[in-house]
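So this block is input34.cif, mmCIF, C-alpha atoms and all ligand atoms:
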```
data_work
#
loop_
_atom_site.label_atom_id
_atom_site.label_comp_id
_atom_site.auth_asym_id
_atom_site.auth_seq_id
_atom_site.Cartn_x
_atom_site.Cartn_y
_atom_site.Cartn_z
CA MET I 261 -22.87 -20.21 -11.58
CA ILE I 262 -21.44 -21.35 -8.25
CA ILE I 263 -18.08 -21.20 -6.48
CA LYS I 264 -16.58 -24.65 -6.93
CA ASP I 265 -13.18 -24.34 -5.30
CA ILE I 266 -10.97 -21.80 -3.50
CA LYS I 267 -7.21 -22.27 -3.56
CA ILE I 268 -4.72 -20.41 -1.40
CA PHE I 269 -1.07 -20.11 -2.46
CA VAL I 270 1.81 -18.77 -0.39
CA CYS I 271 4.88 -18.24 -2.56
CA SER I 272 8.15 -16.43 -2.08
CA PRO I 273 9.69 -15.05 -5.28
CA GLY I 274 12.13 -12.91 -3.25
CA ARG I 275 9.45 -12.10 -0.69
CA ASN I 276 6.22 -13.73 0.46
CA PHE I 277 2.86 -13.33 -1.24
CA VAL I 278 -0.50 -14.88 -0.36
CA THR I 279 -2.71 -15.38 -3.41
CA VAL I 280 -6.33 -16.55 -3.57
CA LYS I 281 -7.90 -18.20 -6.60
CA ILE I 282 -11.68 -18.63 -6.68
CA ILE I 283 -12.77 -21.17 -9.27
CA THR I 284 -16.37 -21.37 -10.50
CA ASP I 285 -18.20 -24.31 -12.04
CA SER I 286 -18.20 -22.43 -15.37
CA GLY I 287 -14.40 -22.52 -15.50
CA ILE I 288 -14.11 -18.76 -14.94
CA TYR I 289 -11.80 -17.96 -12.03
CA GLY I 290 -10.73 -14.86 -10.16
CA LEU I 291 -7.57 -13.79 -8.29
CA GLY I 292 -7.02 -11.83 -5.09
CA ASP I 293 -4.08 -10.68 -2.95
CA ALA I 294 -4.10 -11.55 0.78
CA THR I 295 -0.48 -10.70 1.64
CA LEU I 296 0.09 -9.47 5.20
CA ASN I 297 3.81 -8.86 5.55
CA GLY I 298 5.32 -10.95 8.35
CA ARG I 299 1.97 -12.61 9.19
CA GLU I 300 1.29 -14.42 5.89
CA MET I 301 0.41 -17.82 7.33
CA ALA I 302 -2.22 -16.38 9.67
CA VAL I 303 -4.19 -15.07 6.68
CA SER I 304 -3.64 -18.27 4.72
CA ALA I 305 -4.99 -20.38 7.62
CA TYR I 306 -7.91 -17.98 8.14
CA LEU I 307 -8.89 -18.37 4.50
CA GLU I 308 -8.32 -22.11 4.29
CA GLU I 309 -9.96 -23.12 7.55
CA HIS I 310 -12.60 -20.45 8.16
CA VAL I 311 -13.55 -18.73 4.90
CA ALA I 312 -13.27 -21.12 1.96
CA PRO I 313 -15.62 -23.82 3.37
CA CYS I 314 -18.43 -21.21 3.80
CA LEU I 315 -18.22 -20.00 0.21
CA ILE I 316 -18.27 -23.24 -1.76
CA GLY I 317 -21.58 -23.52 -3.59
CA ARG I 318 -22.40 -19.77 -3.32
CA ASP I 319 -23.14 -17.39 -6.17
CA PRO I 320 -19.82 -15.67 -7.05
CA GLN I 321 -21.73 -12.70 -8.47
CA ALA I 322 -23.12 -11.71 -5.05
CA ILE I 323 -20.02 -9.66 -4.17
CA GLU I 324 -21.79 -7.35 -1.74
CA ASP I 325 -23.56 -10.14 0.14
CA ILE I 326 -20.37 -12.20 0.42
CA TRP I 327 -18.49 -9.13 1.71
CA GLN I 328 -21.17 -8.48 4.37
CA TYR I 329 -21.29 -12.19 5.22
CA LEU I 330 -17.54 -12.25 5.92
CA TYR I 331 -17.49 -8.87 7.75
CA ARG I 332 -20.79 -8.26 9.51
CA GLY I 333 -21.73 -11.92 9.66
CA VAL I 334 -18.67 -13.01 11.57
CA TYR I 335 -19.14 -10.95 14.75
CA TRP I 336 -15.34 -10.53 15.07
CA ARG I 337 -15.07 -7.52 12.80
CA ARG I 338 -11.99 -5.74 11.50
CA GLY I 339 -8.32 -6.52 12.15
CA ALA I 340 -5.47 -6.96 9.69
CA VAL I 341 -5.79 -10.74 9.28
CA THR I 342 -9.56 -10.75 8.77
CA MET I 343 -9.55 -7.80 6.39
CA ALA I 344 -6.69 -9.17 4.24
CA ALA I 345 -8.64 -12.41 3.88
CA ILE I 346 -11.87 -10.60 2.96
CA ALA I 347 -9.90 -8.37 0.58
CA ALA I 348 -8.57 -11.29 -1.44
CA ILE I 349 -12.03 -12.86 -1.75
CA ASP I 350 -13.51 -9.50 -2.78
CA MET I 351 -10.84 -8.84 -5.44
CA ALA I 352 -11.26 -12.33 -6.86
CA LEU I 353 -15.04 -11.85 -7.09
CA TRP I 354 -14.64 -8.52 -8.93
CA ASP I 355 -12.20 -10.28 -11.26
CA ILE I 356 -14.84 -12.96 -11.93
CA LYS I 357 -17.60 -10.40 -12.45
CA GLY I 358 -15.48 -8.54 -14.97
CA LYS I 359 -14.78 -11.74 -16.85
CA ILE I 360 -18.50 -12.58 -16.92
CA ALA I 361 -19.33 -9.07 -18.14
CA GLU I 362 -16.36 -9.13 -20.51
CA MET I 363 -15.28 -5.76 -19.13
CA PRO I 364 -12.29 -4.49 -17.19
CA VAL I 365 -13.18 -3.84 -13.54
CA TYR I 366 -12.82 -0.05 -13.87
CA GLN I 367 -15.77 -0.10 -16.28
CA LEU I 368 -17.91 -1.85 -13.67
CA LEU I 369 -16.94 0.80 -11.10
CA GLY I 370 -18.29 3.58 -13.31
CA GLY I 371 -15.78 3.95 -16.10
CA ARG I 372 -12.75 6.01 -16.85
CA SER I 373 -12.09 9.37 -15.18
CA ARG I 374 -8.59 9.90 -16.58
CA LYS I 375 -6.30 8.68 -19.32
CA GLY I 376 -3.72 7.16 -16.99
CA VAL I 377 -2.63 6.87 -13.38
CA ASN I 378 0.02 9.25 -12.05
CA LEU I 379 2.74 7.46 -10.12
CA TYR I 380 5.36 8.45 -7.59
CA ALA I 381 8.59 6.50 -7.50
CA HIS I 382 11.06 6.03 -4.65
CA ALA I 383 14.43 7.78 -4.60
CA ASN I 384 16.44 6.43 -1.67
CA GLY I 385 20.06 7.02 -0.80
CA SER I 386 22.85 6.45 1.67
CA ASP I 387 23.24 10.24 1.88
CA ILE I 388 21.60 13.32 0.36
CA THR I 389 23.81 13.31 -2.75
CA ASP I 390 23.06 9.64 -3.37
CA THR I 391 19.30 10.24 -2.95
CA LEU I 392 19.40 13.17 -5.38
CA ASN I 393 21.42 11.16 -7.93
CA ASN I 394 18.80 8.43 -7.76
CA ALA I 395 16.09 11.06 -8.08
CA GLN I 396 17.75 12.42 -11.25
CA LYS I 397 17.75 8.92 -12.75
CA LEU I 398 14.03 8.53 -12.09
CA ILE I 399 13.32 11.96 -13.55
CA GLY I 400 15.30 10.78 -16.59
CA GLN I 401 12.91 7.80 -16.82
CA GLY I 402 9.97 10.19 -16.94
CA PHE I 403 8.75 10.22 -13.33
CA LYS I 404 7.14 13.49 -12.30
CA ALA I 405 6.73 12.71 -8.60
CA LEU I 406 9.32 11.26 -6.23
CA ARG I 407 9.42 10.11 -2.64
CA LEU I 408 12.79 11.12 -1.17
CA GLN I 409 14.33 9.16 1.71
CA SER I 410 17.91 9.47 2.88
CA ALA I 411 19.93 7.67 5.55
CA VAL I 412 20.09 9.50 8.86
CA PRO I 413 23.75 10.06 9.83
CA GLY I 414 24.49 8.32 13.11
CA LEU I 415 21.76 5.65 12.81
CA LYS I 416 22.59 2.05 11.83
CA VAL I 417 19.80 1.77 9.27
CA THR I 418 17.12 4.15 8.09
CA TYR I 419 13.62 3.20 7.03
CA GLY I 420 13.15 3.29 3.25
CA VAL I 421 16.87 3.27 2.48
CA LEU I 422 17.67 -0.09 1.04
CA GLY I 423 21.33 -0.07 0.12
CA ASP I 424 21.90 -3.24 -1.89
CA LYS I 425 18.66 -4.88 -0.68
CA LYS I 426 16.60 -5.06 -3.83
CA ASP I 427 13.44 -6.52 -2.37
CA TYR I 428 13.14 -4.40 0.75
CA TYR I 429 12.91 -6.61 3.81
CA GLU I 430 13.55 -9.87 2.01
CA GLN I 431 14.44 -13.17 3.64
CA GLN I 432 16.50 -12.83 6.78
CA GLY I 433 18.69 -15.96 6.71
CA ASP I 434 18.02 -19.46 8.01
CA ARG I 435 16.58 -18.52 11.37
CA PRO I 436 14.74 -15.29 10.65
CA LEU I 437 13.74 -13.02 13.48
CA PRO I 438 12.62 -9.40 13.28
CA PRO I 439 15.69 -7.21 12.60
CA GLU I 440 16.17 -4.41 15.14
CA GLU I 441 16.63 -0.85 13.94
CA ASP I 442 17.25 2.33 15.89
CA TRP I 443 15.69 5.76 15.81
CA CYS I 444 16.66 9.24 17.00
CA THR I 445 14.41 12.19 16.20
CA THR I 446 17.18 14.75 16.83
CA LYS I 447 19.50 13.10 14.29
CA TYR I 448 16.65 12.84 11.79
CA PHE I 449 15.79 16.55 12.08
CA ALA I 450 19.46 17.40 11.48
CA MET I 451 19.18 15.68 8.06
CA VAL I 452 15.66 16.08 6.75
CA GLU I 453 15.45 19.82 6.07
CA ASP I 454 18.73 19.73 4.13
CA LEU I 455 17.39 16.84 2.05
CA PHE I 456 14.52 18.95 0.73
CA LYS I 457 16.51 22.19 0.52
CA GLU I 458 19.11 20.43 -1.65
CA ALA I 459 16.39 18.64 -3.61
CA ARG I 460 14.72 21.89 -4.64
CA LYS I 461 18.13 23.40 -5.48
CA HIS I 462 19.15 20.47 -7.71
CA LEU I 463 15.86 19.06 -9.00
CA GLY I 464 14.00 22.34 -9.48
CA ASP I 465 10.44 23.36 -8.70
CA LYS I 466 8.53 21.28 -11.21
CA VAL I 467 8.96 17.78 -9.81
CA HIS I 468 6.53 16.72 -7.06
CA LEU I 469 8.31 15.71 -3.88
CA LEU I 470 7.00 13.43 -1.15
CA HIS I 471 8.40 12.00 2.07
CA ASP I 472 7.45 9.10 4.37
CA VAL I 473 8.18 9.59 8.09
CA HIS I 474 6.88 6.09 8.86
CA SER I 475 5.18 7.26 12.06
CA ARG I 476 8.43 7.96 13.91
CA LEU I 477 7.43 11.41 15.21
CA THR I 478 5.14 12.57 18.02
CA PRO I 479 2.34 14.91 16.92
CA VAL I 480 4.11 18.07 18.04
CA GLU I 481 7.30 16.94 16.27
CA SER I 482 5.24 16.30 13.12
CA ALA I 483 3.78 19.79 13.39
CA ARG I 484 7.32 21.18 13.54
CA LEU I 485 8.45 19.07 10.57
CA GLY I 486 5.44 20.16 8.50
CA LYS I 487 6.30 23.83 9.15
CA LEU I 488 9.98 23.26 8.44
CA LEU I 489 9.20 21.67 5.05
CA GLU I 490 6.61 24.24 3.91
CA PRO I 491 9.13 26.20 1.77
CA TYR I 492 9.86 23.03 -0.25
CA ASN I 493 6.25 22.48 -1.28
CA LEU I 494 5.74 18.75 -0.73
CA LEU I 495 2.90 16.95 -2.52
CA PHE I 496 2.41 15.23 0.81
CA LEU I 497 4.08 14.21 4.04
CA GLU I 498 3.23 10.58 4.75
CA ASP I 499 2.64 8.92 8.14
CA ALA I 500 4.18 11.77 10.12
CA SER I 501 2.67 10.44 13.37
CA ILE I 502 0.63 7.41 14.26
CA ALA I 503 -3.13 8.12 14.32
CA GLU I 504 -4.51 5.39 16.53
CA ASN I 505 -5.78 8.47 18.32
CA GLN I 506 -7.10 10.35 15.29
CA ASP I 507 -7.07 13.60 17.30
CA ASN I 508 -3.27 13.58 16.93
CA TYR I 509 -3.81 15.04 13.48
CA LYS I 510 -5.79 18.02 14.84
CA LEU I 511 -2.62 19.19 16.52
CA ILE I 512 -0.48 18.67 13.40
CA ARG I 513 -3.07 20.31 11.14
CA GLN I 514 -3.31 23.45 13.30
CA HIS I 515 0.33 24.19 12.71
CA THR I 516 1.16 23.41 9.12
CA THR I 517 -0.08 23.71 5.54
CA THR I 518 2.12 20.83 4.34
CA PRO I 519 -0.40 18.32 2.91
CA LEU I 520 -0.75 15.19 5.04
CA ALA I 521 -1.25 11.55 4.02
CA ILE I 522 -1.91 8.44 6.08
CA GLY I 523 -3.70 5.10 5.94
CA GLU I 524 -1.53 2.26 4.58
CA THR I 525 -2.23 0.10 7.65
CA TYR I 526 -5.94 0.94 7.91
CA ASN I 527 -8.37 -1.95 7.74
CA THR I 528 -11.73 -0.23 7.40
CA ILE I 529 -13.45 3.07 6.68
CA TRP I 530 -13.79 3.52 10.44
CA ASP I 531 -10.02 3.94 10.79
CA CYS I 532 -10.22 6.88 8.35
CA LYS I 533 -13.53 8.39 9.41
CA ASP I 534 -12.49 11.16 11.81
CA LEU I 535 -9.41 12.08 9.80
CA ILE I 536 -11.48 12.47 6.64
CA GLN I 537 -14.63 14.13 7.95
CA ASN I 538 -12.64 16.63 10.03
CA GLN I 539 -10.47 17.37 6.97
CA LEU I 540 -7.31 16.60 8.93
CA ILE I 541 -5.60 14.89 5.98
CA ASP I 542 -5.30 15.50 2.24
CA TYR I 543 -4.63 11.96 0.96
CA ILE I 544 -5.97 8.64 2.20
CA ARG I 545 -3.54 5.78 1.56
CA THR I 546 -5.61 2.65 2.20
CA ALA I 547 -4.65 -0.42 0.15
CA ALA I 548 -7.16 -2.83 -1.37
CA THR I 549 -5.37 -5.78 0.26
CA HIS I 550 -5.41 -4.36 3.78
CA ALA I 551 -8.70 -2.48 3.77
CA GLY I 552 -10.98 -5.34 2.71
CA GLY I 553 -10.85 -5.22 -1.09
CA ILE I 554 -12.29 -3.18 -3.94
CA THR I 555 -15.79 -2.89 -2.41
CA PRO I 556 -14.71 -0.88 0.67
CA MET I 557 -11.98 1.02 -1.23
CA ARG I 558 -14.77 2.40 -3.40
CA ARG I 559 -16.74 3.46 -0.31
CA ILE I 560 -13.67 5.13 1.23
CA ALA I 561 -13.00 7.01 -2.02
CA ASP I 562 -16.58 8.29 -2.23
CA PHE I 563 -16.61 9.30 1.45
CA ALA I 564 -13.23 11.05 1.09
CA ASN I 565 -14.46 12.92 -1.96
CA MET I 566 -17.05 14.77 0.17
CA PHE I 567 -14.23 16.26 2.26
CA ASN I 568 -11.68 17.14 -0.45
CA VAL I 569 -9.51 14.16 0.44
CA ARG I 570 -7.89 12.36 -2.48
CA THR I 571 -6.83 8.72 -2.72
CA ALA I 572 -3.15 7.71 -2.82
CA PRO I 573 -3.10 3.92 -2.46
CA HIS I 574 -0.16 2.22 -0.79
CA GLY I 575 2.13 0.63 -3.38
CA ALA I 576 4.91 -1.07 -1.43
CA PRO I 577 6.65 -4.23 -2.68
CA ASP I 578 4.80 -6.42 -0.17
CA LEU I 579 1.51 -5.78 -1.96
CA SER I 580 1.31 -8.28 -4.80
CA PRO I 581 0.84 -7.28 -8.45
CA ILE I 582 -2.78 -8.40 -8.02
CA CYS I 583 -3.28 -5.59 -5.51
CA PHE I 584 -1.50 -3.17 -7.85
CA SER I 585 -3.88 -4.18 -10.64
CA ALA I 586 -6.87 -3.65 -8.35
CA HIS I 587 -5.51 -0.19 -7.52
CA LEU I 588 -5.15 0.72 -11.20
CA HIS I 589 -8.82 -0.08 -11.76
CA LEU I 590 -9.85 1.96 -8.71
CA ASN I 591 -7.52 4.81 -9.68
CA THR I 592 -8.72 4.89 -13.28
CA TRP I 593 -12.27 5.31 -11.99
CA ALA I 594 -12.10 7.33 -8.73
CA PRO I 595 -13.05 10.97 -9.38
CA ASN I 596 -10.86 11.99 -6.43
CA PHE I 597 -7.83 9.85 -7.22
CA GLY I 598 -4.58 11.65 -6.36
CA ILE I 599 -1.45 9.59 -6.95
CA GLN I 600 -0.29 5.95 -6.82
CA GLU I 601 2.88 4.80 -5.04
CA TYR I 602 5.02 2.74 -7.42
CA VAL I 603 8.08 0.54 -6.85
CA GLY I 604 8.17 -1.31 -10.18
CA LEU I 605 6.31 -4.33 -11.48
CA GLY I 606 8.34 -6.91 -9.57
CA ASN I 607 11.52 -8.92 -10.01
CA GLU I 608 12.02 -11.61 -12.68
CA GLN I 609 10.59 -14.45 -10.57
CA MET I 610 7.52 -12.36 -9.78
CA GLN I 611 7.01 -11.62 -13.45
CA GLN I 612 6.95 -15.37 -14.18
CA ILE I 613 4.27 -15.84 -11.54
CA PHE I 614 2.07 -12.77 -11.91
CA LEU I 615 1.28 -12.25 -15.58
CA GLN I 616 -0.07 -8.85 -16.55
CA ASP I 617 0.04 -6.28 -19.33
CA ILE I 618 0.26 -3.04 -17.35
CA ARG I 619 2.08 -0.29 -19.25
CA VAL I 620 4.22 2.26 -17.42
CA GLU I 621 5.34 5.26 -19.46
CA GLU I 622 6.54 8.73 -18.51
CA GLY I 623 5.56 8.33 -14.87
CA MET I 624 2.07 7.05 -15.59
CA ALA I 625 0.55 3.56 -15.45
CA TYR I 626 -2.14 2.36 -17.81
CA VAL I 627 -4.68 -0.18 -16.59
CA SER I 628 -5.22 -3.47 -18.41
CA GLU I 629 -8.12 -3.54 -20.87
CA GLN I 630 -8.58 -7.30 -20.33
CA PRO I 631 -11.85 -8.45 -18.74
CA GLY I 632 -11.69 -8.51 -14.94
CA LEU I 633 -8.51 -7.37 -13.22
CA GLY I 634 -6.37 -8.34 -16.21
CA ILE I 635 -3.85 -10.41 -14.29
CA ASP I 636 -3.07 -14.13 -14.27
CA PHE I 637 -1.22 -16.40 -11.83
CA ASN I 638 1.16 -19.19 -12.88
CA GLU I 639 0.71 -21.89 -10.23
CA GLU I 640 3.62 -24.04 -11.43
CA ALA I 641 6.02 -21.10 -11.35
CA ALA I 642 4.77 -20.15 -7.87
CA GLN I 643 5.47 -23.68 -6.58
CA GLN I 644 9.16 -23.19 -7.35
CA TYR I 645 9.37 -20.50 -4.67
CA PRO I 646 7.90 -21.86 -1.43
CA TYR I 647 7.09 -19.70 1.61
CA LYS I 648 10.00 -18.62 3.80
CA ARG I 649 9.37 -17.10 7.20
CA SER I 650 10.30 -13.43 7.22
CA TYR I 651 9.62 -10.41 9.41
CA LEU I 652 9.44 -6.66 9.22
CA PRO I 653 11.98 -4.94 11.48
CA VAL I 654 11.21 -3.42 14.85
CA SER I 655 12.45 0.00 15.83
CA ARG I 656 13.96 1.14 19.15
CA LEU I 657 15.11 4.47 20.52
CA GLU I 658 18.80 4.60 21.32
CA ASP I 659 18.10 3.79 24.99
CA GLY I 660 16.33 0.58 23.95
CA THR I 661 12.71 1.77 24.18
CA LEU I 662 10.55 0.04 21.59
CA TRP I 663 9.33 2.67 19.09
CA HIS I 664 6.92 2.89 16.14
CA TRP I 665 8.18 1.11 13.08
O1 LIG T 701 6.80 -0.15 5.36
O2 LIG T 701 4.69 -2.00 3.16
O3 LIG T 701 4.90 3.62 1.95
N1 LIG T 701 5.35 2.53 2.10
C1 LIG T 701 5.66 1.93 3.24
C2 LIG T 701 6.03 0.45 3.17
C3 LIG T 701 5.75 -0.33 4.45
C4 LIG T 701 5.64 -1.80 4.17
C5 LIG T 701 5.24 -2.60 5.41
O4 LIG T 701 5.00 -3.93 5.07
O5 LIG T 701 5.64 2.56 4.27
O6 LIG T 701 7.32 0.27 2.75
CO CO T 702 4.51 4.36 4.00
#
```

Just dump the structure as structure tokens.
Amino acid sequence: MIIKDIKIFVCSPGRNFVTVKIITDSGIYGLGDATLNGREMAVSAYLEEHVAPCLIGRDPQAIEDIWQYLYRGVYWRRGAVTMAAIAAIDMALWDIKGKIAEMPVYQLLGGRSRKGVNLYAHANGSDITDTLNNAQKLIGQGFKALRLQSAVPGLKVTYGVLGDKKDYYEQQGDRPLPPEEDWCTTKYFAMVEDLFKEARKHLGDKVHLLHDVHSRLTPVESARLGKLLEPYNLLFLEDASIAENQDNYKLIRQHTTTPLAIGETYNTIWDCKDLIQNQLIDYIRTAATHAGGITPMRRIADFANMFNVRTAPHGAPDLSPICFSAHLHLNTWAPNFGIQEYVGLGNEQMQQIFLQDIRVEEGMAYVSEQPGLGIDFNEEAAQQYPYKRSYLPVSRLEDGTLWHW
């Protein structure tokens, strides 16, 4: 069997997705997600111009060799664009291997470790009451873990609080440019403790609560936040501070027992290495699409397992349902899986394009039992929603200083 063709699709059913289809001479094909929010066309060009020509004629079953060929072989290692491209190829090859073996991918990884995949859903609100009302609705739907985000009084917009925007940072008009948001740590601290105090009062002790700081705090501020939130027993505090300097987390860790999670932007195991081996975090949040695919996600999970770190893959709306499927296979297998972020299975247009049979019940997701990843891609439907340029926002302090988004 050889790789006969590789097609790259960029479609925009409400937001942009980059999808790879690897077609073999046997007729079996595989699908992968290469979406890099706000930089979609860079990955698409990388795949089209630099990756696809090298893979035509190769054995699609040599997943490991192809991964090494695209990573080690290229000299220019790592980086978001490169790793998203490798990720999509890797996912598509696992999909193909599963179809050849007539097994779902989780079986190829080592089989089932649990009956289903625990999810956490997002409860966002324009104020604390609104957030808690939304949380109650999700609890009513059966969710047992919730990420709480609430608008910060005095700021124009707050990360994670969508208002009427259903697709997060969807298309920004005819001449899109990155929206500008503002940030003030003092105003945030005035809100955030009350959010969790009220949450425990109204939602009780049983529900798992999580919170995403989106890297807005300095390490010492994160340490203070972790201490402040200890009484409310979070499942984890996500992206409290940036960890380009992984030592930042030593400072945070010294001061708080609130469990820490990070990793949604990480591209390789090297980005996680110090955090994991020094046991500075509790959950590693790498995504298959941004960390190079299923092959390295498996290595990160095994490495993390040695240091009591559990996996909690990123599950934002800019990861396509193909990535979500890949995560369900990884999560069904990984002995140290923790929890999966979940924002639904996509809008109506997405459900016409990405065809899958994932079941979500009582706050758990159940992986497809179809061979491979168990997801299909409707090319005709995708063509109806062509790419539209779109950007993530940038964030500034109130004096205009550019800040972490
Ligand atoms: O801002 O995926 O936990 N989820 C997140 C996301 C990220 C987006 C960036 O593209 O932090 O919403
Ligand atoms: Co996040």

Would you please work out which residue, of I:Ser501, I:Gln321, I:Gln643, I:Thr571, is nearest to I:Val270 when using all atoms listed in the file?
I:Gln643

Pick from I:Asn394, I:Thr592, I:Gln539, I:Thr549: nearest to ligand LIG 701 (chain T), with all atoms listed in the file counted?
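Nearest to ligand LIG 701 (chain T): I:Thr549.
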
Counting all atoms listed in the file, which residues of chain I fall within 6 Å of ligand LIG 701 (chain T), and what is the closest atom pair for each with its distance in Å at one decimal, ordered by chain and rising number, as a Markdown table?
```
| residue | atom | partner | partner_atom | distance |
| --- | --- | --- | --- | --- |
| I:Asn297 | CA | T:LIG701 | O4 | 5.1 |
| I:His474 | CA | T:LIG701 | O5 | 5.9 |
| I:His574 | CA | T:LIG701 | O3 | 5.9 |
| I:Ala576 | CA | T:LIG701 | O2 | 4.7 |
| I:Asp578 | CA | T:LIG701 | O2 | 5.5 |
```

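For ligand CO 702 (chain T), the neighbouring protein, DNA and RNA residues, which are those within 9 Å when all atoms listed in the file are counted, are I:Gly420, I:His471, I:Asp472, I:Val473, I:His474, I:Ser475, I:Glu498, I:Asp499, I:Ile522, I:Gly523, I:Glu524, I:Thr525, I:Arg545, I:His574, I:Gly575, I:Ala576.
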
Which is closest to I:Leu495 among I:Ala459, I:Ala405, I:Cys444, I:Ala340, if we use all atoms listed in the file?
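Nearest to I:Leu495: I:Ala405.
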
For a cutoff of 9 Å around the file-coordinate point (2.6, 10.8, -5.8), which residues qualify once you count all atoms listed in the file? I'd like the result as a PyMOL selection string.
chain I and resi 378-381+404-407+468-470+495-496+572+598-602

Rounded to one decimal place, report the atom CA of I:Cys532-atom CA of I:Ala344 distance in Å.
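Straight-line distance from atom CA of I:Cys532 to atom CA of I:Ala344 works out to 16.9 Å.
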
Could you list as a VMD selection string every residue that has an atom within 6 Å of (-6.7, -1.6, -13.4), using the file's coordinates and counting all atoms listed in the file?
chain I and resid 585 to 586 588 to 589 627 to 628

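Rounded to one decimal, atom CA of I:Ala322 and atom CA of I:Leu353 lie 8.3 Å from each other.
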
Which value, in Å to one decimal, gives the distance between atom CA of I:Arg275 and atom CA of I:His382?
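Separation of atom CA of I:Arg275 and atom CA of I:His382: 18.6 Å.
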
Measuring between only C-alpha atoms, which one of I:Arg476, I:Pro438, I:Asp636, I:Ser580 shows the shortest distance to I:Tyr419?
I:Arg476

Would you kindly return, as a VMD selection string, each protein, DNA or RNA residue with an atom no farther than 9 Å from any atom of I:Leu369, considering only C-alpha atoms and excluding same-chain residues fewer than 6 positions away?
chain I and resid 558 589 to 590 593 to 594

Nearest-residue call for I:Met351, choices I:Pro320, I:Gly402, I:Gly486, I:Pro413, using all atoms listed in the file
I:Pro320

Between I:Phe637, I:Phe456, I:Trp530, I:Tyr329, which residue has the minimum interatomic distance to I:Gly290, considering all atoms listed in the file?
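Closest to I:Gly290 of all the choices is I:Phe637.
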
So which residues touch stretch 662-664 of chain I within 8 Å, counting only C-alpha atoms, skipping near sequence neighbours fewer than 2 positions away, as a list in words?
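With the cut-off at 8 Å, the set is Trp443, His474, Ser475, Arg476, Ile502, Val654, Ser655, Arg656, Leu657 and Gly660 of chain I.
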
Can you list, as JSON, numbers by chain, every protein, DNA or RNA residue that comes within 12 Å of I:Asp390 when you count all atoms listed in the file, leaving out same-chain residues fewer than 4 positions away?
{"I": [383, 384, 385, 386, 394, 395, 396, 397, 408, 409, 410, 411, 421, 422, 423, 455, 458, 459]}

Please extract stretch 505-518 of chain I and write it out with N, CA and C atoms, as a compact mmCIF listing (two decimals), in the first residue's frame.
```
# COMPACT_ATOMS: atom_id res chain seq x y z
N ASN I 505 9.47 30.37 30.56
CA ASN I 505 10.45 30.03 31.58
C ASN I 505 9.76 29.06 32.54
N GLN I 506 10.09 27.78 32.41
CA GLN I 506 9.35 26.76 33.17
C GLN I 506 9.59 26.90 34.68
N ASP I 507 10.66 27.60 35.06
CA ASP I 507 10.91 27.86 36.48
C ASP I 507 9.82 28.72 37.12
N ASN I 508 9.06 29.46 36.32
CA ASN I 508 7.95 30.25 36.87
C ASN I 508 7.08 29.39 37.78
N TYR I 509 6.90 28.13 37.38
CA TYR I 509 5.99 27.27 38.13
C TYR I 509 6.57 26.78 39.44
N LYS I 510 7.91 26.87 39.61
CA LYS I 510 8.50 26.54 40.92
C LYS I 510 7.98 27.52 41.96
N LEU I 511 7.96 28.78 41.57
CA LEU I 511 7.51 29.81 42.50
C LEU I 511 6.03 29.57 42.86
N ILE I 512 5.20 29.33 41.84
CA ILE I 512 3.76 29.15 42.11
C ILE I 512 3.55 27.92 43.00
N ARG I 513 4.25 26.84 42.66
CA ARG I 513 4.09 25.56 43.36
C ARG I 513 4.46 25.65 44.83
N GLN I 514 5.50 26.44 45.13
CA GLN I 514 5.95 26.58 46.53
C GLN I 514 4.85 27.14 47.42
N HIS I 515 3.93 27.87 46.83
CA HIS I 515 2.99 28.63 47.65
C HIS I 515 1.59 28.07 47.71
N THR I 516 1.24 27.15 46.83
CA THR I 516 -0.17 26.75 46.82
C THR I 516 -0.35 25.26 46.53
N THR I 517 -1.41 24.70 47.13
CA THR I 517 -1.79 23.32 46.85
C THR I 517 -2.94 23.25 45.84
N THR I 518 -3.35 24.37 45.27
CA THR I 518 -4.34 24.31 44.18
C THR I 518 -3.68 23.60 43.00
```
